[in-house]
file start.txt (compact mmCIF, C-alpha atoms)
# COMPACT_ATOMS: atom_id res chain seq x y z
CA MET A 1 63.11 74.45 -63.22
CA ASN A 2 65.25 75.48 -66.20
CA LYS A 3 67.05 78.83 -66.22
CA ASN A 4 66.49 79.25 -69.96
CA ILE A 5 63.58 79.06 -72.39
CA LEU A 6 63.93 77.43 -75.80
CA VAL A 7 62.58 79.39 -78.77
CA ASN A 8 63.27 78.29 -82.34
CA LYS A 9 66.21 76.21 -81.01
CA ILE A 10 67.69 79.32 -79.34
CA GLU A 11 68.09 79.42 -75.56
CA ILE A 12 67.23 82.72 -73.85
CA GLU A 13 67.77 83.38 -70.14
CA LYS A 14 64.51 83.68 -68.22
CA GLU A 15 66.06 86.16 -65.80
CA ILE A 16 66.67 88.72 -68.56
CA ILE A 17 63.04 88.61 -69.66
CA ILE A 18 61.77 88.71 -66.07
CA ASP A 19 63.91 91.80 -65.36
CA LEU A 20 62.52 93.60 -68.41
CA ILE A 21 58.96 92.79 -67.36
CA LYS A 22 59.66 94.01 -63.80
CA GLN A 23 60.92 97.28 -65.33
CA ASP A 24 57.57 97.53 -67.12
CA ASN A 25 59.41 97.10 -70.41
CA ARG A 26 57.34 94.34 -72.00
CA ASP A 27 58.07 95.73 -75.47
CA GLY A 28 61.76 95.31 -74.79
CA ALA A 29 61.19 91.70 -73.74
CA ILE A 30 59.17 91.04 -76.90
CA ASP A 31 61.89 92.63 -79.09
CA LEU A 32 64.59 90.58 -77.37
CA ILE A 33 62.81 87.26 -77.97
CA ALA A 34 61.84 88.14 -81.55
CA ASN A 35 65.35 89.26 -82.52
CA ARG A 36 67.36 86.55 -80.75
CA ALA A 37 65.16 83.66 -81.86
CA ASN A 38 64.26 85.13 -85.27
CA VAL A 39 60.51 84.72 -84.71
CA LYS A 40 57.51 86.95 -85.32
CA PHE A 41 56.43 89.49 -82.74
CA LYS A 42 53.14 87.60 -82.24
CA THR A 43 55.13 84.57 -81.07
CA ALA A 44 57.23 86.74 -78.78
CA ARG A 45 54.10 88.36 -77.29
CA ASP A 46 52.62 84.91 -76.59
CA ILE A 47 55.78 83.91 -74.73
CA VAL A 48 55.91 87.14 -72.69
CA GLN A 49 52.28 86.52 -71.73
CA LEU A 50 53.32 83.15 -70.29
CA PHE A 51 55.84 85.01 -68.13
CA ASP A 52 53.16 87.51 -67.04
CA GLU A 53 50.82 84.71 -65.98
CA GLY A 54 53.47 82.65 -64.20
CA ASP A 55 53.09 79.62 -66.48
CA ILE A 56 56.42 79.70 -68.31
CA ASP A 57 57.98 76.91 -66.19
CA ILE A 58 55.35 74.45 -67.44
CA PHE A 59 57.11 74.50 -70.80
CA ASP A 60 60.63 73.77 -69.56
CA GLY A 61 62.45 71.70 -72.15
CA LYS A 62 59.86 72.45 -74.84
CA ASP A 63 60.62 74.58 -77.88
CA LEU A 64 58.10 77.41 -77.71
CA PHE A 65 58.28 77.93 -81.47
CA LEU A 66 56.44 76.04 -84.19
CA VAL A 67 59.28 73.63 -85.01
CA ASP A 68 58.69 71.30 -82.04
CA TYR A 69 55.07 70.76 -83.03
CA ASP A 70 55.63 69.24 -86.47
CA GLU A 71 53.54 71.99 -88.06
CA VAL A 72 56.22 73.81 -90.05
CA PRO A 73 54.53 75.89 -92.82
CA ASN A 74 55.24 74.53 -96.29
CA SER A 75 55.66 76.30 -99.57
CA GLU A 76 52.19 75.26 -100.77
CA ALA A 77 50.53 77.25 -98.03
CA SER A 78 52.68 80.25 -98.86
CA ASP A 79 51.85 80.00 -102.55
CA ARG A 80 48.13 80.02 -101.76
CA GLY A 81 48.62 83.14 -99.70
CA GLU A 82 47.50 81.48 -96.50
CA PRO A 83 48.80 83.07 -93.31
CA GLU A 84 51.60 81.11 -91.66
CA PRO A 85 51.08 80.37 -87.97
CA SER A 86 53.77 82.09 -85.96
CA SER A 87 53.67 79.95 -82.85
CA PHE A 88 52.38 76.71 -81.43
CA LEU A 89 49.53 78.63 -79.80
CA GLU A 90 48.22 79.72 -83.17
CA VAL A 91 48.70 76.25 -84.63
CA GLU A 92 46.69 74.60 -81.86
CA ARG A 93 43.96 77.22 -82.30
CA ASP A 94 43.79 76.54 -86.06
CA LYS A 95 43.70 72.77 -85.52
CA SER A 96 40.76 73.06 -83.16
CA LYS A 97 38.58 75.04 -85.60
CA GLY A 98 38.07 72.19 -88.06
CA ALA A 99 37.08 69.65 -85.45
CA GLY A 100 34.90 72.03 -83.48
CA SER A 101 31.78 72.03 -85.66
CA LYS A 102 31.77 68.26 -86.18
CA LYS A 103 32.27 67.59 -82.47
CA GLY A 104 29.50 70.04 -81.64
CA LEU A 105 27.04 68.25 -83.94
CA ILE A 106 27.86 64.84 -82.41
CA ILE A 107 27.50 66.18 -78.88
CA GLY A 108 24.22 67.86 -79.77
CA LEU A 109 22.71 64.65 -81.13
CA ALA A 110 23.94 62.71 -78.10
CA VAL A 111 22.34 65.23 -75.76
CA LEU A 112 18.99 64.97 -77.56
CA ALA A 113 19.07 61.18 -77.29
CA LEU A 114 19.95 61.35 -73.62
CA GLY A 115 17.05 63.72 -73.05
CA PHE A 116 14.50 61.03 -73.79
CA VAL A 117 16.31 58.64 -71.44
CA PHE A 118 16.17 61.28 -68.72
CA LEU A 119 12.38 61.45 -69.01
CA ARG A 120 12.04 57.76 -68.31
CA TYR A 121 14.86 56.96 -65.95
CA VAL A 122 16.42 58.65 -62.98
CA VAL A 123 19.23 60.95 -63.93
CA GLY A 124 22.76 60.50 -62.55
CA PHE A 125 24.91 63.10 -60.91
CA ASN A 126 27.85 65.09 -62.26
CA HIS A 127 31.17 65.44 -60.52
CA ILE A 128 30.26 68.74 -58.89
CA GLY A 129 26.97 67.48 -57.68
CA HIS A 130 24.48 69.32 -59.82
CA HIS A 131 21.33 67.34 -60.63
CA LEU A 132 19.61 67.59 -63.97
CA SER A 133 15.92 66.93 -63.34
CA GLU A 134 14.19 68.26 -66.45
CA LEU A 135 14.91 67.76 -70.13
CA GLY A 136 14.53 71.48 -70.75
CA GLN A 137 17.72 72.11 -68.77
CA VAL A 138 19.70 70.40 -71.49
CA PHE A 139 19.11 73.46 -73.67
CA ASP A 140 20.11 76.00 -71.05
CA LYS A 141 22.92 78.41 -71.82
CA ASN A 142 26.43 77.04 -71.64
CA THR A 143 27.07 78.53 -68.21
CA GLY A 144 26.98 77.40 -64.62
CA ARG A 145 26.50 73.94 -63.26
CA THR A 146 23.89 72.63 -65.75
CA THR A 147 26.34 72.39 -68.64
CA ALA A 148 28.97 70.50 -66.63
CA LEU A 149 26.33 67.98 -65.54
CA ASP A 150 25.06 67.36 -69.07
CA ALA A 151 28.54 66.63 -70.36
CA ASP A 152 29.18 64.20 -67.51
CA THR A 153 25.88 62.28 -67.30
CA ALA A 154 26.52 60.06 -70.32
CA ASP A 155 29.99 59.25 -69.01
CA ARG A 156 28.78 58.00 -65.65
CA LYS A 157 25.82 55.87 -66.84
CA ALA A 158 24.83 55.52 -63.19
CA SER A 159 21.32 55.27 -61.72
CA LEU A 160 20.12 56.48 -58.37
CA GLU A 161 16.68 55.97 -56.82
CA PRO A 162 15.42 57.40 -53.54
CA GLY A 163 16.53 55.25 -50.60
CA VAL A 164 19.15 53.22 -52.46
CA THR A 165 22.86 53.58 -53.10
CA ARG A 166 24.15 54.60 -56.50
CA VAL A 167 25.04 51.63 -58.67
CA ALA A 168 27.34 51.55 -61.71
CA ASP A 169 29.61 49.15 -63.51
CA VAL A 170 32.58 50.91 -61.91
CA GLU A 171 32.18 52.60 -58.56
CA ASP A 172 32.16 56.38 -58.85
CA PHE A 173 34.10 58.04 -56.04
CA ARG A 174 33.74 61.66 -57.13
CA PRO A 175 32.31 63.89 -54.36
CA ILE A 176 28.95 65.62 -54.74
CA ASP A 177 27.63 68.93 -53.44
CA THR A 178 24.55 67.75 -51.56
CA ASN A 179 23.21 71.30 -51.31
CA LEU A 180 22.31 71.12 -54.98
CA LEU A 181 20.42 67.84 -54.91
CA ALA A 182 16.68 67.54 -55.18
CA PRO A 183 15.12 66.36 -51.89
CA GLU A 184 14.15 62.96 -53.29
CA PHE A 185 17.81 62.20 -54.04
CA LYS A 186 19.55 63.93 -51.15
CA SER A 187 18.69 61.24 -48.59
CA ALA A 188 20.25 58.53 -50.75
CA GLU A 189 23.42 60.57 -51.18
CA MET A 190 23.61 61.27 -47.45
CA ALA A 191 23.36 57.54 -46.80
CA ARG A 192 26.26 56.97 -49.19
CA ILE A 193 28.31 59.61 -47.35
CA LYS A 194 27.54 58.03 -43.98
CA LYS A 195 28.65 54.64 -45.28
CA ALA A 196 31.93 56.17 -46.50
CA GLN A 197 32.86 57.07 -42.88
CA PHE A 198 34.58 60.35 -43.65
CA ASP A 199 35.38 60.77 -39.95
CA LYS A 200 38.00 58.06 -40.32
CA LEU A 201 39.87 59.85 -43.11
CA ILE A 202 43.35 61.10 -42.23
CA PRO A 203 44.30 64.57 -43.53
CA ALA A 204 47.48 64.28 -45.58
CA LYS A 205 50.69 65.51 -43.98
CA LYS A 206 52.33 65.79 -47.37
CA SER A 207 50.38 66.82 -50.47
CA PRO A 208 51.03 68.46 -53.86
CA THR A 209 50.98 72.22 -54.32
CA ASP A 210 48.70 73.86 -56.88
CA GLU A 211 51.60 73.82 -59.35
CA ASP A 212 52.40 70.16 -58.63
CA ALA A 213 48.78 69.16 -59.20
CA GLN A 214 48.55 71.22 -62.39
CA LEU A 215 51.67 69.65 -63.88
CA ALA A 216 50.48 66.15 -62.94
CA LEU A 217 47.13 66.74 -64.65
CA ILE A 218 48.81 68.15 -67.76
CA TYR A 219 50.54 64.79 -68.22
CA LEU A 220 47.47 62.77 -67.23
CA THR A 221 45.37 64.56 -69.87
CA ASN A 222 48.06 64.19 -72.54
CA LYS A 223 48.67 67.95 -72.36
CA ARG A 224 45.06 68.86 -73.23
CA LEU A 225 45.10 70.95 -70.08
CA THR A 226 47.90 73.09 -71.52
CA ASP A 227 45.51 74.64 -74.06
CA VAL A 228 43.04 75.45 -71.26
CA ILE A 229 45.76 77.07 -69.13
CA ILE A 230 46.97 79.32 -71.93
CA GLN A 231 43.93 80.15 -74.06
CA GLN A 232 41.17 80.08 -71.43
CA LYS A 233 43.33 81.59 -68.67
CA LEU A 234 42.52 78.81 -66.21
CA ASN A 235 44.70 77.26 -63.53
CA ILE A 236 44.34 74.25 -61.24
CA LYS A 237 43.79 74.84 -57.53
CA ILE A 238 43.93 71.94 -55.09
CA GLY A 239 41.96 71.50 -51.87
CA GLN A 240 42.23 69.37 -48.73
CA CYS A 241 44.03 66.07 -49.35
CA TYR A 242 43.57 62.82 -47.48
CA GLU A 243 45.93 59.89 -47.01
CA ASN A 244 45.09 57.10 -49.46
CA PRO A 245 46.20 53.63 -48.32
CA LYS A 246 46.00 52.31 -51.89
CA LYS A 247 49.59 53.20 -52.69
CA GLU A 248 50.02 50.43 -55.29
CA GLY A 249 53.77 50.39 -54.78
CA ASN A 250 54.14 54.17 -54.74
CA LYS A 251 55.96 56.04 -51.98
CA HIS A 252 53.02 58.27 -51.15
CA CYS A 253 49.39 58.63 -52.28
CA VAL A 254 46.71 61.21 -51.41
CA SER A 255 43.20 61.97 -52.67
CA CYS A 256 42.09 65.58 -53.20
CA MET A 257 39.46 67.75 -54.86
CA ILE A 258 40.53 70.31 -57.46
CA LEU A 259 38.90 73.25 -59.20
CA LEU A 260 39.58 75.49 -62.17
CA TYR A 261 40.47 79.08 -61.27
CA ASN A 262 39.94 81.77 -63.89
CA ARG A 263 42.89 84.09 -63.33
CA GLU A 264 41.31 86.82 -65.47
CA LYS A 265 37.90 86.85 -63.74
CA LYS A 266 39.44 86.06 -60.33
CA HIS A 267 37.08 83.24 -59.34
CA TRP A 268 36.52 79.53 -59.88
CA GLN A 269 34.95 78.22 -63.05
CA GLU A 270 32.72 75.17 -63.39
CA ALA A 271 34.48 73.51 -66.34
CA PRO A 272 36.65 74.34 -69.37
CA ASP A 273 34.89 75.91 -72.32
CA GLY A 274 34.02 73.17 -74.80
CA GLU A 275 34.50 69.54 -73.82
CA ASN A 276 34.85 68.92 -70.10
CA PHE A 277 37.64 66.33 -69.82
CA LEU A 278 38.39 66.92 -66.13
CA ASP A 279 37.01 65.31 -62.96
CA ASN A 280 36.61 67.26 -59.73
CA ALA A 281 38.91 65.00 -57.69
CA TYR A 282 41.98 62.81 -58.28
CA ASP A 283 44.57 60.63 -56.60
CA PHE A 284 48.03 62.21 -56.55
CA TYR A 285 51.03 60.02 -55.86
CA LEU A 286 54.81 60.09 -55.62
CA PRO A 287 56.44 57.07 -57.31
CA GLU A 288 59.02 55.18 -55.31
CA GLY A 289 62.33 56.94 -55.84
CA GLY A 290 60.69 59.94 -57.53
CA ASP A 291 60.05 63.52 -56.40
CA THR A 292 57.47 64.59 -59.01
CA TRP A 293 53.79 64.18 -58.27
CA GLU A 294 51.67 62.22 -60.74
CA ALA A 295 47.89 61.89 -61.02
CA LYS A 296 45.36 59.12 -61.62
CA SER A 297 41.62 58.57 -61.24
CA LEU A 298 40.15 58.91 -57.76
CA SER A 299 40.12 55.57 -55.92
CA MET A 300 38.35 56.32 -52.63
CA HIS A 301 35.49 58.42 -51.29
CA ILE A 302 36.37 61.87 -49.97
CA PRO A 303 34.06 64.69 -48.80
CA TYR A 304 33.07 67.59 -51.02
CA ASP A 305 35.54 70.41 -50.37
CA TYR A 306 33.21 73.36 -49.72
CA ALA A 307 36.08 75.41 -48.27
CA LEU A 308 38.02 75.18 -51.54
CA PHE A 309 35.16 76.65 -53.56
CA LYS A 310 34.47 79.26 -50.89
CA LYS A 311 38.09 80.38 -51.06
CA TYR A 312 37.85 81.15 -54.78
CA GLU A 313 34.32 82.58 -54.93
CA PRO A 314 33.84 85.93 -56.71
CA LYS A 315 34.64 88.85 -54.46
CA ASP A 316 31.86 91.38 -53.95

call {"tool": "encode", "arguments": {"input": "start.txt", "output": "structure tokens"}}
result
Amino acid sequence: MNKNILVNKIEIEKEIIIDLIKQDNRDGAIDLIANRANVKFKTARDIVQLFDEGDIDIFDGKDLFLVDYDEVPNSEASDRGEPEPSSFLEVERDKSKGAGSKKGLIIGLAVLALGFVFLRYVVGFNHIGHHLSELGQVFDKNTGRTTALDADTADRKASLEPGVTRVADVEDFRPIDTNLLAPEFKSAEMARIKKAQFDKLIPAKKSPTDEDAQLALIYLTNKRLTDVIIQQKLNIKIGQCYENPKKEGNKHCVSCMILLYNREKKHWQEAPDGENFLDNAYDFYLPEGGDTWEAKSLSMHIPYDYALFKKYEPKD
């Protein structure tokens, strides 16, 4: 963990900013960053917010100003009177606007096409175990478990019939919440669980922390998770881990479920807003000679971690 943050090529001690925040002097912290680094107050506020939310260490070694993101405003934009983004947060937000409508149209058409397939064939399962049984559910509001399933069904391309095991081109290890399955499919899933022999799994003696898992997934997703952490106020929480014998030359390997925790609403969230690019479980491993956890796709069956979701349920 670095002692300094880098803003517009200027290093500023974290401890100074933390002390100002502890003294309830956020304005002083914002002024300090803006004046020392010669950046706009909006940029400084964004950075102080990262301190408030405990996510500042994720950006160690990264310039928190626009320069490191190859999006430096040019004179043409200024001449047209367009507002100049003051930080990488604003730049990423602007970049996403243009692609949003086109992506939404493509997804919408894909969902309609899948709807007709659903009417004829048995529908697969999403990574959190919610079963889509009627085409009308495709058009439900973008909340809860239905949306996460719809986004994931096309990706799995797996079929499941009562009394048989799920079949796909590549075996899908992601755990399923059997409480949400329709009766005609639950027996098949229970048979799959029995075959997996969860009683032989060994709880991991050494596993990543929430922060370790979050950092590993940031790199695995090519930093797409960073936008979710900052703009959607979501963090990764990790559940029970199990020893994974498939080390593949690594020093240590475990398999664990994860969830997204909304730090503003104080409870877990089904999936990121927009495209769901996350699974509900991953392998985490320590490379030989390394001390930083990394992540990869899940490679063995593990049980659904009901305790993890219970822990982060909304408080009454």

call {"tool": "closest_residue", "arguments": {"input": "start.txt", "among": "A:Gln197, A:Ser255, A:Gln269, A:Asn244", "to": "Gln232 (chain A)", "atoms": "only C-alpha atoms"}}
result
A:Gln269

call {"tool": "atom_distance", "arguments": {"input": "start.txt", "atom1": "CA of Gly104 (chain A)", "atom2": "CA of Leu278 (chain A)"}}
result
18.1 Å

call {"tool": "residues_around", "arguments": {"input": "start.txt", "residues": "region 290-300 of chain A", "least_positions_apart": "5", "cutoff": "12 Å", "atoms": "all atoms listed in the file", "output": "CSV table (one decimal) with C-alpha atoms, in the frame of the given file"}}
result
chain,number,residue,atom,x,y,z
A,127,HIS,CA,31.2,65.4,-60.5
A,170,VAL,CA,32.6,50.9,-61.9
A,171,GLU,CA,32.2,52.6,-58.6
A,172,ASP,CA,32.2,56.4,-58.8
A,173,PHE,CA,34.1,58.0,-56.0
A,174,ARG,CA,33.7,61.7,-57.1
A,175,PRO,CA,32.3,63.9,-54.4
A,193,ILE,CA,28.3,59.6,-47.4
A,196,ALA,CA,31.9,56.2,-46.5
A,197,GLN,CA,32.9,57.1,-42.9
A,198,PHE,CA,34.6,60.4,-43.6
A,201,LEU,CA,39.9,59.8,-43.1
A,206,LYS,CA,52.3,65.8,-47.4
A,207,SER,CA,50.4,66.8,-50.5
A,208,PRO,CA,51.0,68.5,-53.9
A,209,THR,CA,51.0,72.2,-54.3
A,210,ASP,CA,48.7,73.9,-56.9
A,211,GLU,CA,51.6,73.8,-59.4
A,212,ASP,CA,52.4,70.2,-58.6
A,213,ALA,CA,48.8,69.2,-59.2
A,214,GLN,CA,48.6,71.2,-62.4
A,215,LEU,CA,51.7,69.6,-63.9
A,216,ALA,CA,50.5,66.2,-62.9
A,217,LEU,CA,47.1,66.7,-64.6
A,218,ILE,CA,48.8,68.2,-67.8
A,219,TYR,CA,50.5,64.8,-68.2
A,220,LEU,CA,47.5,62.8,-67.2
A,221,THR,CA,45.4,64.6,-69.9
A,222,ASN,CA,48.1,64.2,-72.5
A,241,CYS,CA,44.0,66.1,-49.4
A,242,TYR,CA,43.6,62.8,-47.5
A,243,GLU,CA,45.9,59.9,-47.0
A,244,ASN,CA,45.1,57.1,-49.5
A,245,PRO,CA,46.2,53.6,-48.3
A,246,LYS,CA,46.0,52.3,-51.9
A,247,LYS,CA,49.6,53.2,-52.7
A,248,GLU,CA,50.0,50.4,-55.3
A,250,ASN,CA,54.1,54.2,-54.7
A,251,LYS,CA,56.0,56.0,-52.0
A,252,HIS,CA,53.0,58.3,-51.2
A,253,CYS,CA,49.4,58.6,-52.3
A,254,VAL,CA,46.7,61.2,-51.4
A,255,SER,CA,43.2,62.0,-52.7
A,256,CYS,CA,42.1,65.6,-53.2
A,257,MET,CA,39.5,67.8,-54.9
A,258,ILE,CA,40.5,70.3,-57.5
A,278,LEU,CA,38.4,66.9,-66.1
A,279,ASP,CA,37.0,65.3,-63.0
A,280,ASN,CA,36.6,67.3,-59.7
A,281,ALA,CA,38.9,65.0,-57.7
A,282,TYR,CA,42.0,62.8,-58.3
A,283,ASP,CA,44.6,60.6,-56.6
A,284,PHE,CA,48.0,62.2,-56.6
A,285,TYR,CA,51.0,60.0,-55.9

call {"tool": "atom_distance", "arguments": {"input": "start.txt", "atom1": "CA of Phe65 (chain A)", "atom2": "CA of Leu20 (chain A)"}}
result
20.8 Å

call {"tool": "residues_near_point", "arguments": {"input": "start.txt", "point": "(64.5, 87.1, -69.0)", "cutoff": "10 Å", "atoms": "all atoms listed in the file", "output": "list of chain:residue names"}}
result
A:Lys3, A:Asn4, A:Ile5, A:Ile12, A:Glu13, A:Lys14, A:Glu15, A:Ile16, A:Ile17, A:Ile18, A:Asp19, A:Leu20, A:Ile21, A:Lys22, A:Ala29, A:Leu32, A:Ile33, A:Val48, A:Phe51

call {"tool": "residues_around", "arguments": {"input": "start.txt", "residues": "Asp60 (chain A)", "least_positions_apart": "2", "cutoff": "10 Å", "atoms": "all atoms listed in the file", "output": "PyMOL selection string"}}
result
chain A and resi 1-6+56-58+62-64
